[in-house]
$ cat final-v6.cif   # mmCIF, C-alpha atoms
data_start
#
loop_
_atom_site.group_PDB
_atom_site.id
_atom_site.type_symbol
_atom_site.label_atom_id
_atom_site.label_comp_id
_atom_site.auth_asym_id
_atom_site.auth_seq_id
_atom_site.Cartn_x
_atom_site.Cartn_y
_atom_site.Cartn_z
ATOM 1 C CA MET A 278 0.000 0.000 0.000
ATOM 2 C CA LEU A 279 1.254 3.446 -0.921
ATOM 3 C CA LEU A 280 1.971 5.748 2.004
ATOM 4 C CA ILE A 281 1.581 9.473 1.432
ATOM 5 C CA TYR A 282 3.009 12.114 3.761
ATOM 6 C CA CYS A 283 0.359 14.693 4.650
ATOM 7 C CA PRO A 284 2.044 18.036 5.410
ATOM 8 C CA TYR A 285 -0.856 19.052 7.680
ATOM 9 C CA CYS A 286 -1.154 15.819 9.694
ATOM 10 C CA GLU A 287 2.651 15.599 9.621
ATOM 11 C CA GLU A 288 2.722 11.860 9.155
ATOM 12 C CA GLU A 289 2.439 9.204 6.504
ATOM 13 C CA ARG A 290 -1.026 7.835 5.878
ATOM 14 C CA SER A 291 -2.411 5.194 3.612
ATOM 15 C CA GLU A 292 -3.336 6.139 0.074
ATOM 16 C CA LEU A 293 -6.910 5.067 0.888
ATOM 17 C CA GLU A 294 -7.419 8.348 2.761
ATOM 18 C CA PHE A 295 -6.366 10.506 -0.207
ATOM 19 C CA ARG A 296 -7.788 11.644 -3.527
ATOM 20 C CA GLN A 297 -5.888 13.074 -6.426
ATOM 21 C CA ALA A 298 -7.217 16.495 -7.423
ATOM 22 C CA GLY A 299 -5.616 17.467 -10.714
ATOM 23 C CA ASP A 300 -2.564 19.484 -11.619
ATOM 24 C CA ALA A 301 -0.961 21.883 -9.166
ATOM 25 C CA HIS A 302 0.238 25.444 -9.739
ATOM 26 C CA ILE A 303 -2.433 26.386 -12.271
ATOM 27 C CA ALA A 304 -2.987 30.101 -11.835
ATOM 28 C CA ARG A 305 -6.638 31.079 -12.132
ATOM 29 C CA PRO A 306 -6.885 34.037 -14.530
ATOM 30 C CA THR A 307 -8.216 37.281 -13.091
ATOM 31 C CA ASN A 308 -9.633 38.542 -16.401
ATOM 32 C CA MET A 309 -11.800 35.578 -17.295
ATOM 33 C CA THR A 310 -14.528 37.595 -19.031
ATOM 34 C CA GLU A 311 -12.016 39.182 -21.410
ATOM 35 C CA MET A 312 -10.250 35.977 -22.382
ATOM 36 C CA THR A 313 -10.500 34.446 -25.807
ATOM 37 C CA ASP A 314 -12.092 31.019 -26.060
ATOM 38 C CA GLU A 315 -8.735 29.528 -26.979
ATOM 39 C CA ASP A 316 -7.022 30.968 -23.916
ATOM 40 C CA PHE A 317 -9.856 29.808 -21.679
ATOM 41 C CA GLU A 318 -9.711 26.330 -23.158
ATOM 42 C CA ALA A 319 -5.982 26.203 -22.513
ATOM 43 C CA PHE A 320 -6.471 27.213 -18.880
ATOM 44 C CA PHE A 321 -9.556 25.147 -18.174
ATOM 45 C CA PHE A 322 -9.229 21.934 -20.167
ATOM 46 C CA LEU A 323 -5.724 21.382 -21.460
ATOM 47 C CA ARG A 324 -3.278 19.484 -19.261
ATOM 48 C CA ASP A 325 0.132 18.049 -20.017
ATOM 49 C CA ASN A 326 -0.143 14.408 -18.855
ATOM 50 C CA VAL A 327 3.617 14.116 -18.575
ATOM 51 C CA LYS A 328 5.576 10.912 -18.274
ATOM 52 C CA GLY A 329 7.869 11.331 -15.290
ATOM 53 C CA LEU A 330 7.948 14.187 -12.815
ATOM 54 C CA THR A 331 4.641 15.959 -12.307
ATOM 55 C CA PHE A 332 3.222 18.391 -9.751
ATOM 56 C CA GLU A 333 -0.247 17.491 -8.552
ATOM 57 C CA ARG A 334 -2.828 18.605 -6.037
ATOM 58 C CA TRP A 335 -3.889 15.943 -3.583
ATOM 59 C CA ARG A 336 -6.547 16.055 -0.913
ATOM 60 C CA HIS A 337 -6.422 14.262 2.420
ATOM 61 C CA LEU A 338 -10.129 13.631 2.007
ATOM 62 C CA ASN A 339 -10.725 11.094 4.790
ATOM 63 C CA GLY A 340 -8.300 12.796 7.136
ATOM 64 C CA CYS A 341 -7.715 16.480 7.761
ATOM 65 C CA GLY A 342 -9.610 17.359 4.584
ATOM 66 C CA ARG A 343 -6.859 19.664 3.320
ATOM 67 C CA PHE A 344 -5.564 20.094 -0.198
ATOM 68 C CA PHE A 345 -1.805 19.999 -0.580
ATOM 69 C CA ASN A 346 0.674 19.677 -3.430
ATOM 70 C CA ALA A 347 2.854 16.754 -4.325
ATOM 71 C CA ALA A 348 5.736 16.123 -6.684
ATOM 72 C CA ARG A 349 5.241 12.638 -8.078
ATOM 73 C CA ASP A 350 6.882 10.470 -10.669
ATOM 74 C CA THR A 351 4.155 9.074 -12.922
ATOM 75 C CA VAL A 352 6.371 6.183 -14.047
ATOM 76 C CA SER A 353 7.348 4.784 -10.644
ATOM 77 C CA ASP A 354 4.349 6.265 -8.754
ATOM 78 C CA LYS A 355 6.851 7.485 -6.189
ATOM 79 C CA PHE A 356 6.068 10.665 -4.264
ATOM 80 C CA LEU A 357 9.231 12.763 -4.288
ATOM 81 C CA THR A 358 7.858 15.234 -1.774
ATOM 82 C CA THR A 359 4.634 16.818 -0.564
ATOM 83 C CA TYR A 360 4.191 20.402 0.575
ATOM 84 C CA LYS A 361 1.443 22.687 1.801
ATOM 85 C CA ALA A 362 -0.906 24.388 -0.643
ATOM 86 C CA GLY A 363 0.199 27.881 -1.596
ATOM 87 C CA LEU A 364 3.908 27.165 -1.359
ATOM 88 C CA PRO A 365 6.057 27.466 -4.498
ATOM 89 C CA ARG A 366 7.451 24.420 -6.284
ATOM 90 C CA PRO A 367 10.204 22.940 -4.136
ATOM 91 C CA ASP A 368 13.743 22.604 -5.412
ATOM 92 C CA LEU A 369 13.838 18.974 -6.476
ATOM 93 C CA SER A 370 17.540 18.889 -7.272
ATOM 94 C CA THR A 371 18.117 18.422 -3.547
ATOM 95 C CA LEU A 372 15.564 15.613 -3.320
ATOM 96 C CA ARG A 373 16.090 13.400 -6.333
ATOM 97 C CA PRO A 374 19.437 11.772 -5.470
ATOM 98 C CA ALA A 375 18.126 10.758 -2.058
ATOM 99 C CA THR A 376 15.000 9.124 -3.474
ATOM 100 C CA GLU A 377 16.914 7.407 -6.253
ATOM 101 C CA ALA A 378 19.279 5.886 -3.725
ATOM 102 C CA ILE A 379 16.491 3.945 -2.007
ATOM 103 C CA VAL A 380 15.145 2.206 -5.104
ATOM 104 C CA GLU A 381 15.199 -1.465 -4.173
ATOM 105 C CA THR A 382 16.370 -3.593 -7.038
ATOM 106 C CA TYR A 383 17.054 -7.295 -6.872
ATOM 107 C CA GLU A 384 20.759 -6.607 -7.356
ATOM 108 C CA ALA A 385 20.817 -4.044 -4.555
ATOM 109 C CA THR A 386 19.036 -6.153 -1.977
ATOM 110 C CA GLU A 387 19.663 -9.777 -2.865
ATOM 111 C CA SER A 388 22.819 -10.166 -4.882
ATOM 112 C CA ASP A 389 25.104 -10.366 -1.847
ATOM 113 C CA ALA A 390 22.932 -12.917 -0.087
ATOM 114 C CA LYS A 391 25.054 -15.852 1.011
ATOM 115 C CA MET B 207 -53.167 15.040 21.064
ATOM 116 C CA ALA B 208 -50.833 15.676 18.181
ATOM 117 C CA ASP B 209 -48.873 12.783 16.840
ATOM 118 C CA LEU B 210 -45.290 13.562 17.669
ATOM 119 C CA ALA B 211 -42.601 11.938 15.616
ATOM 120 C CA THR B 212 -40.506 9.604 17.672
ATOM 121 C CA ARG B 213 -36.859 9.419 16.747
ATOM 122 C CA THR B 214 -35.471 5.962 16.247
ATOM 123 C CA LEU B 215 -31.846 5.553 17.133
ATOM 124 C CA PRO B 216 -29.564 3.798 14.703
ATOM 125 C CA LEU B 217 -28.296 0.492 16.111
ATOM 126 C CA SER B 218 -30.592 0.756 19.112
ATOM 127 C CA GLY B 219 -29.634 -1.959 21.584
ATOM 128 C CA PHE B 220 -26.792 -3.220 19.398
ATOM 129 C CA HIS B 221 -24.260 -5.541 21.014
ATOM 130 C CA GLY B 222 -21.766 -7.742 19.282
ATOM 131 C CA GLY B 223 -18.186 -8.645 18.728
ATOM 132 C CA SER B 224 -16.223 -11.351 20.425
ATOM 133 C CA GLY B 225 -14.380 -12.049 23.639
ATOM 134 C CA ALA B 226 -11.357 -10.163 22.337
ATOM 135 C CA ALA B 227 -13.253 -7.150 21.048
ATOM 136 C CA ALA B 228 -16.694 -6.371 22.426
ATOM 137 C CA LEU B 229 -18.919 -3.972 20.506
ATOM 138 C CA SER B 230 -21.659 -1.805 21.919
ATOM 139 C CA VAL B 231 -23.516 1.274 20.799
ATOM 140 C CA THR B 232 -23.063 4.481 22.772
ATOM 141 C CA ALA B 233 -25.800 6.479 24.418
ATOM 142 C CA PRO B 234 -27.072 9.442 22.391
ATOM 143 C CA ALA B 235 -24.794 12.477 22.570
ATOM 144 C CA THR B 236 -24.748 16.012 21.244
ATOM 145 C CA ARG B 237 -22.133 16.777 18.633
ATOM 146 C CA ILE B 238 -21.059 19.792 16.666
ATOM 147 C CA SER B 239 -18.771 20.254 13.743
ATOM 148 C CA LEU B 240 -16.758 23.346 14.628
ATOM 149 C CA ARG B 241 -14.619 25.365 12.267
ATOM 150 C CA ALA B 242 -12.688 28.465 13.215
ATOM 151 C CA LYS B 243 -9.550 30.452 12.453
ATOM 152 C CA PRO B 244 -6.607 30.289 14.888
ATOM 153 C CA ASP B 245 -7.459 33.661 16.468
ATOM 154 C CA ALA B 246 -10.836 32.301 17.675
ATOM 155 C CA VAL B 247 -9.440 29.177 19.310
ATOM 156 C CA GLU B 248 -8.835 30.734 22.713
ATOM 157 C CA ALA B 249 -12.338 32.196 23.074
ATOM 158 C CA LEU B 250 -13.971 28.973 21.853
ATOM 159 C CA SER B 251 -11.864 26.965 24.288
ATOM 160 C CA GLY B 252 -13.139 29.164 27.109
ATOM 161 C CA ALA B 253 -16.750 28.801 25.952
ATOM 162 C CA LEU B 254 -16.482 25.014 25.796
ATOM 163 C CA GLY B 255 -14.457 24.639 28.984
ATOM 164 C CA LEU B 256 -11.867 22.576 27.112
ATOM 165 C CA SER B 257 -8.844 23.802 25.228
ATOM 166 C CA LEU B 258 -9.198 23.094 21.524
ATOM 167 C CA PRO B 259 -6.237 20.940 20.463
ATOM 168 C CA THR B 260 -4.144 22.513 17.710
ATOM 169 C CA LYS B 261 -1.841 19.558 17.088
ATOM 170 C CA ALA B 262 -2.732 16.863 14.583
ATOM 171 C CA LYS B 263 -4.343 13.662 15.921
ATOM 172 C CA THR B 264 -4.874 14.989 19.455
ATOM 173 C CA SER B 265 -7.998 15.524 21.530
ATOM 174 C CA ALA B 266 -9.065 17.010 24.846
ATOM 175 C CA SER B 267 -11.596 15.370 27.164
ATOM 176 C CA ALA B 268 -13.231 16.243 30.471
ATOM 177 C CA ASN B 269 -16.507 15.256 32.135
ATOM 178 C CA GLY B 270 -17.903 13.417 29.135
ATOM 179 C CA ARG B 271 -17.062 16.193 26.712
ATOM 180 C CA HIS B 272 -14.513 15.582 23.973
ATOM 181 C CA VAL B 273 -12.935 17.964 21.461
ATOM 182 C CA LEU B 274 -11.270 16.141 18.596
ATOM 183 C CA TRP B 275 -8.817 17.725 16.153
ATOM 184 C CA LEU B 276 -9.962 16.791 12.642
ATOM 185 C CA GLY B 277 -8.096 19.361 10.569
ATOM 186 C CA PRO B 278 -6.085 22.561 10.986
ATOM 187 C CA ASP B 279 -9.296 24.581 11.416
ATOM 188 C CA GLU B 280 -11.839 21.847 12.138
ATOM 189 C CA TRP B 281 -12.906 20.094 15.320
ATOM 190 C CA LEU B 282 -15.547 17.556 16.299
ATOM 191 C CA VAL B 283 -17.051 18.305 19.698
ATOM 192 C CA ILE B 284 -18.967 15.510 21.451
ATOM 193 C CA ASP B 285 -20.872 15.865 24.698
ATOM 194 C CA GLU B 286 -22.057 12.590 26.211
ATOM 195 C CA ASN B 287 -24.260 14.449 28.718
ATOM 196 C CA GLU B 288 -26.236 15.988 25.841
ATOM 197 C CA ALA B 289 -25.350 19.536 26.836
ATOM 198 C CA ASP B 290 -26.330 22.312 24.430
ATOM 199 C CA LEU B 291 -23.051 22.732 22.547
ATOM 200 C CA MET B 292 -24.494 25.181 20.012
ATOM 201 C CA ALA B 293 -25.403 27.586 22.811
ATOM 202 C CA ALA B 294 -21.997 27.101 24.396
ATOM 203 C CA VAL B 295 -20.023 28.048 21.287
ATOM 204 C CA ALA B 296 -22.461 30.857 20.447
ATOM 205 C CA SER B 297 -21.564 32.451 23.769
ATOM 206 C CA SER B 298 -17.917 32.692 22.698
ATOM 207 C CA GLY B 299 -18.557 35.950 20.824
ATOM 208 C CA VAL B 300 -15.961 35.217 18.140
ATOM 209 C CA LEU B 301 -16.281 34.330 14.479
ATOM 210 C CA HIS B 302 -16.717 30.599 13.954
ATOM 211 C CA SER B 303 -18.894 28.108 12.126
ATOM 212 C CA ALA B 304 -20.743 25.446 14.107
ATOM 213 C CA THR B 305 -23.149 22.849 12.755
ATOM 214 C CA ASP B 306 -25.220 20.608 14.972
ATOM 215 C CA ILE B 307 -24.519 17.041 13.844
ATOM 216 C CA SER B 308 -25.844 15.259 16.937
ATOM 217 C CA HIS B 309 -28.145 13.065 14.896
ATOM 218 C CA ARG B 310 -25.940 12.713 11.856
ATOM 219 C CA ASN B 311 -23.450 10.573 13.737
ATOM 220 C CA THR B 312 -23.677 7.549 15.903
ATOM 221 C CA ALA B 313 -20.858 5.858 17.742
ATOM 222 C CA ILE B 314 -19.788 2.297 18.416
ATOM 223 C CA LEU B 315 -17.525 1.396 21.323
ATOM 224 C CA VAL B 316 -14.912 -1.252 20.640
ATOM 225 C CA ARG B 317 -13.379 -2.626 23.813
ATOM 226 C CA GLY B 318 -10.990 -5.448 24.581
ATOM 227 C CA ARG B 319 -7.475 -6.678 23.894
ATOM 228 C CA GLY B 320 -8.407 -7.298 20.262
ATOM 229 C CA ALA B 321 -9.870 -3.818 19.708
ATOM 230 C CA GLU B 322 -6.955 -2.692 17.544
ATOM 231 C CA VAL B 323 -7.169 -5.838 15.426
ATOM 232 C CA ALA B 324 -10.907 -5.445 14.976
ATOM 233 C CA ILE B 325 -10.616 -1.844 13.766
ATOM 234 C CA ASN B 326 -7.594 -2.641 11.607
ATOM 235 C CA GLY B 327 -9.866 -5.127 9.846
ATOM 236 C CA GLY B 328 -11.006 -2.128 7.788
ATOM 237 C CA CYS B 329 -8.842 0.804 8.832
ATOM 238 C CA PRO B 330 -5.337 1.297 7.395
ATOM 239 C CA GLN B 331 -3.933 3.388 10.258
ATOM 240 C CA ASP B 332 -1.222 2.239 12.640
ATOM 241 C CA LEU B 333 -3.102 1.851 15.938
ATOM 242 C CA SER B 334 -0.175 0.727 18.100
ATOM 243 C CA LEU B 335 0.053 2.623 21.373
ATOM 244 C CA ALA B 336 3.322 4.325 20.366
ATOM 245 C CA VAL B 337 1.752 5.922 17.292
ATOM 246 C CA PHE B 338 -1.895 6.178 18.376
ATOM 247 C CA PRO B 339 -1.794 6.745 22.155
ATOM 248 C CA VAL B 340 -4.768 7.132 24.494
ATOM 249 C CA GLY B 341 -6.532 10.381 23.552
ATOM 250 C CA ALA B 342 -5.369 10.235 19.932
ATOM 251 C CA CYS B 343 -8.086 10.794 17.358
ATOM 252 C CA SER B 344 -8.327 10.863 13.618
ATOM 253 C CA ARG B 345 -10.769 10.981 10.796
ATOM 254 C CA THR B 346 -10.034 7.981 8.619
ATOM 255 C CA VAL B 347 -11.729 5.173 6.719
ATOM 256 C CA LEU B 348 -13.168 1.844 7.764
ATOM 257 C CA ALA B 349 -13.287 -0.046 4.492
ATOM 258 C CA LYS B 350 -15.662 2.096 2.410
ATOM 259 C CA ALA B 351 -17.081 4.254 5.201
ATOM 260 C CA GLU B 352 -15.628 7.383 6.732
ATOM 261 C CA ILE B 353 -15.168 7.156 10.495
ATOM 262 C CA VAL B 354 -13.695 9.247 13.285
ATOM 263 C CA LEU B 355 -11.612 7.240 15.720
ATOM 264 C CA LEU B 356 -10.943 8.244 19.312
ATOM 265 C CA ARG B 357 -8.831 6.091 21.575
ATOM 266 C CA THR B 358 -10.454 6.372 25.016
ATOM 267 C CA ALA B 359 -8.274 3.785 26.754
ATOM 268 C CA GLU B 360 -5.442 1.431 25.897
ATOM 269 C CA ASP B 361 -7.965 -1.218 24.876
ATOM 270 C CA ALA B 362 -10.958 0.938 23.945
ATOM 271 C CA PHE B 363 -11.950 3.002 20.939
ATOM 272 C CA ARG B 364 -14.925 5.150 20.102
ATOM 273 C CA VAL B 365 -15.805 4.797 16.426
ATOM 274 C CA GLU B 366 -17.960 7.667 15.172
ATOM 275 C CA CYS B 367 -19.731 7.092 11.892
ATOM 276 C CA TRP B 368 -22.628 8.566 9.976
ATOM 277 C CA ARG B 369 -25.929 7.014 10.985
ATOM 278 C CA SER B 370 -26.696 5.768 7.487
ATOM 279 C CA PHE B 371 -23.391 3.888 7.529
ATOM 280 C CA ALA B 372 -24.045 2.407 10.983
ATOM 281 C CA PRO B 373 -25.311 -0.990 9.758
ATOM 282 C CA TYR B 374 -22.308 -1.323 7.444
ATOM 283 C CA VAL B 375 -19.752 -0.198 10.052
ATOM 284 C CA SER B 376 -21.212 -2.326 12.835
ATOM 285 C CA GLY B 377 -21.490 -5.371 10.570
ATOM 286 C CA LEU B 378 -17.915 -5.025 9.395
ATOM 287 C CA LEU B 379 -16.600 -4.482 12.930
ATOM 288 C CA ASN B 380 -18.552 -7.510 14.063
ATOM 289 C CA GLU B 381 -16.885 -9.693 11.445
ATOM 290 C CA ALA B 382 -13.453 -8.258 12.217
ATOM 291 C CA ALA B 383 -13.994 -8.710 15.969
ATOM 292 C CA GLU B 384 -14.703 -12.386 15.428
ATOM 293 C CA ASP B 385 -11.447 -12.657 13.503
ATOM 294 C CA ALA B 386 -9.679 -10.994 16.443
ATOM 295 C CA GLY B 387 -10.368 -14.080 18.569
ATOM 296 C CA ASN B 388 -12.136 -14.894 21.779
#
$ encode --input "final-v6.cif" --output "structure tokens"
Amino acid sequence: MLLIYCPYCEEERSELEFRQAGDAHIARPTNMTEMTDEDFEAFFFLRDNVKGLTFERWRHLNGCGRFFNAARDTVSDKFLTTYKAGLPRPDLSTLRPATEAIVETYEATESDAK
Amino acid sequence: MADLATRTLPLSGFHGGSGAAALSVTAPATRISLRAKPDAVEALSGALGLSLPTKAKTSASANGRHVLWLGPDEWLVIDENEADLMAAVASSGVLHSATDISHRNTAILVRGRGAEVAINGGCPQDLSLAVFPVGACSRTVLAKAEIVLLRTAEDAFRVECWRSFAPYVSGLLNEAAEDAGN
């Protein structure tokens, strides 16, 4: 079971308590009535669906109820970090080596077994 | 004489479980869902006679009244003596939002050495005493239903659930309590 760190509850909880809530860091336009249809479509409907690192909103629905942001790898499903809503994107260059080091491969965990 | 509607309690008279984890339904209680900004916490604490916990997963209890931290600005207040909680918080004089949910929720008591095992039958949280000590509380899930857990003693939990989920929650706990042994 995937464990997700909630920055408000300050502990890891089961994925069952969480819901994904779309992309993070999408600025809501202030001049919505003046926008062209194309610009509105781009803001409202179009998302990147990247392979690899993505920033998402998550909600601790069956917990504290709060939305927060997460940096997640869509290939490995690994959460690189989570942070409170409203904070800027964290600097991931400091995080990635640490998370890559704990990937458990057969060679890393079993090859020295006597 | 006018026909007055009589309220039927969910799970009235319910008893179940096993020797390791006994289940019973609690007496009716008043409850409010309380939301407030940090600057109102002190006045609300005074009005309720209990300091509102501001740390995750903690609660405060005295004389049958419990205040449970649910979120950074959200608390569940339960009064087992059916005191008028709405009037109490209204007397605080500060901005807050309170909703009377006395009849929305019902609660099941799980008691016994297998209480943790019974609840873990549907709840993914770590309920060991080191992580979930006496007085700890949390909104979480029990299989497909949302519940609020409060640990009232080392071997006792209060499981708050919505009344429409009560048959599901009690049935599931009953099964899990049997698996917890006798």
$ resolve_selection --input "final-v6.cif" --expression "the PyMOL selection byres ((chain A) within 12 of (chain B))" --output "PyMOL selection string"
chain A and resi 278-280+283-295+337-344+361
$ residues_around --input "final-v6.cif" --residues "Arg324 (chain A)" --least-positions-apart "2" --cutoff "10 Å" --atoms "only C-alpha atoms" --output "ChimeraX atom specification"
/A:299-300,303,319-322,326-327
$ write_last_selection --input "final-v6.cif" --atoms "C-alpha atoms" --output "compact mmCIF listing (two decimals), in the frame of the given file"
# COMPACT_ATOMS: atom_id res chain seq x y z
CA GLY A 299 -5.62 17.47 -10.71
CA ASP A 300 -2.56 19.48 -11.62
CA ILE A 303 -2.43 26.39 -12.27
CA ALA A 319 -5.98 26.20 -22.51
CA PHE A 320 -6.47 27.21 -18.88
CA PHE A 321 -9.56 25.15 -18.17
CA PHE A 322 -9.23 21.93 -20.17
CA ASN A 326 -0.14 14.41 -18.86
CA VAL A 327 3.62 14.12 -18.58
$ resolve_selection --input "final-v6.cif" --expression "the PyMOL selection byres ((chain B and resi 227-239) around 6)" --output "JSON, numbers by chain"
{"B": [220, 221, 222, 223, 224, 225, 226, 240, 282, 283, 284, 285, 286, 288, 304, 305, 306, 307, 308, 313, 314, 315, 316, 317, 318, 320, 321, 383]}
$ axis_aligned_box --input "final-v6.cif" --around "region 282-301 of chain B" --padding-each-side "8 Å" --output "lines of an AutoDock Vina configuration file"
center_x = -20.9
center_y = 24.3
center_z = 21.6
size_x = 26.8
size_y = 39.4
size_z = 30.2
$ resolve_selection --input "final-v6.cif" --expression "the PyMOL selection byres ((chain A and resi 365) around 12)" --output "number ranges by chain"
A: 301-304, 332, 345-348, 359-364, 366-369
$ write_last_selection --input "final-v6.cif" --atoms "C-alpha atoms" --output "PDB file, in the frame of the given file"
ATOM      1  CA  ALA A 301      -0.961  21.883  -9.166  1.00  0.00           C
ATOM      2  CA  HIS A 302       0.238  25.444  -9.739  1.00  0.00           C
ATOM      3  CA  ILE A 303      -2.433  26.386 -12.271  1.00  0.00           C
ATOM      4  CA  ALA A 304      -2.987  30.101 -11.835  1.00  0.00           C
ATOM      5  CA  PHE A 332       3.222  18.391  -9.751  1.00  0.00           C
ATOM      6  CA  PHE A 345      -1.805  19.999  -0.580  1.00  0.00           C
ATOM      7  CA  ASN A 346       0.674  19.677  -3.430  1.00  0.00           C
ATOM      8  CA  ALA A 347       2.854  16.754  -4.325  1.00  0.00           C
ATOM      9  CA  ALA A 348       5.736  16.123  -6.684  1.00  0.00           C
ATOM     10  CA  THR A 359       4.634  16.818  -0.564  1.00  0.00           C
ATOM     11  CA  TYR A 360       4.191  20.402   0.575  1.00  0.00           C
ATOM     12  CA  LYS A 361       1.443  22.687   1.801  1.00  0.00           C
ATOM     13  CA  ALA A 362      -0.906  24.388  -0.643  1.00  0.00           C
ATOM     14  CA  GLY A 363       0.199  27.881  -1.596  1.00  0.00           C
ATOM     15  CA  LEU A 364       3.908  27.165  -1.359  1.00  0.00           C
ATOM     16  CA  ARG A 366       7.451  24.420  -6.284  1.00  0.00           C
ATOM     17  CA  PRO A 367      10.204  22.940  -4.136  1.00  0.00           C
ATOM     18  CA  ASP A 368      13.743  22.604  -5.412  1.00  0.00           C
ATOM     19  CA  LEU A 369      13.838  18.974  -6.476  1.00  0.00           C
TER      20      LEU A 369
END
$ atom_distance --input "final-v6.cif" --atom1 "CA of Gln297 (chain A)" --atom2 "CA of Trp335 (chain A)"
4.5 Å
$ atom_distance --input "final-v6.cif" --atom1 "CA of Gly341 (chain B)" --atom2 "CA of Val273 (chain B)"
10.1 Å
$ atom_distance --input "final-v6.cif" --atom1 "CA of Ala296 (chain B)" --atom2 "CA of His309 (chain B)"
19.5 Å
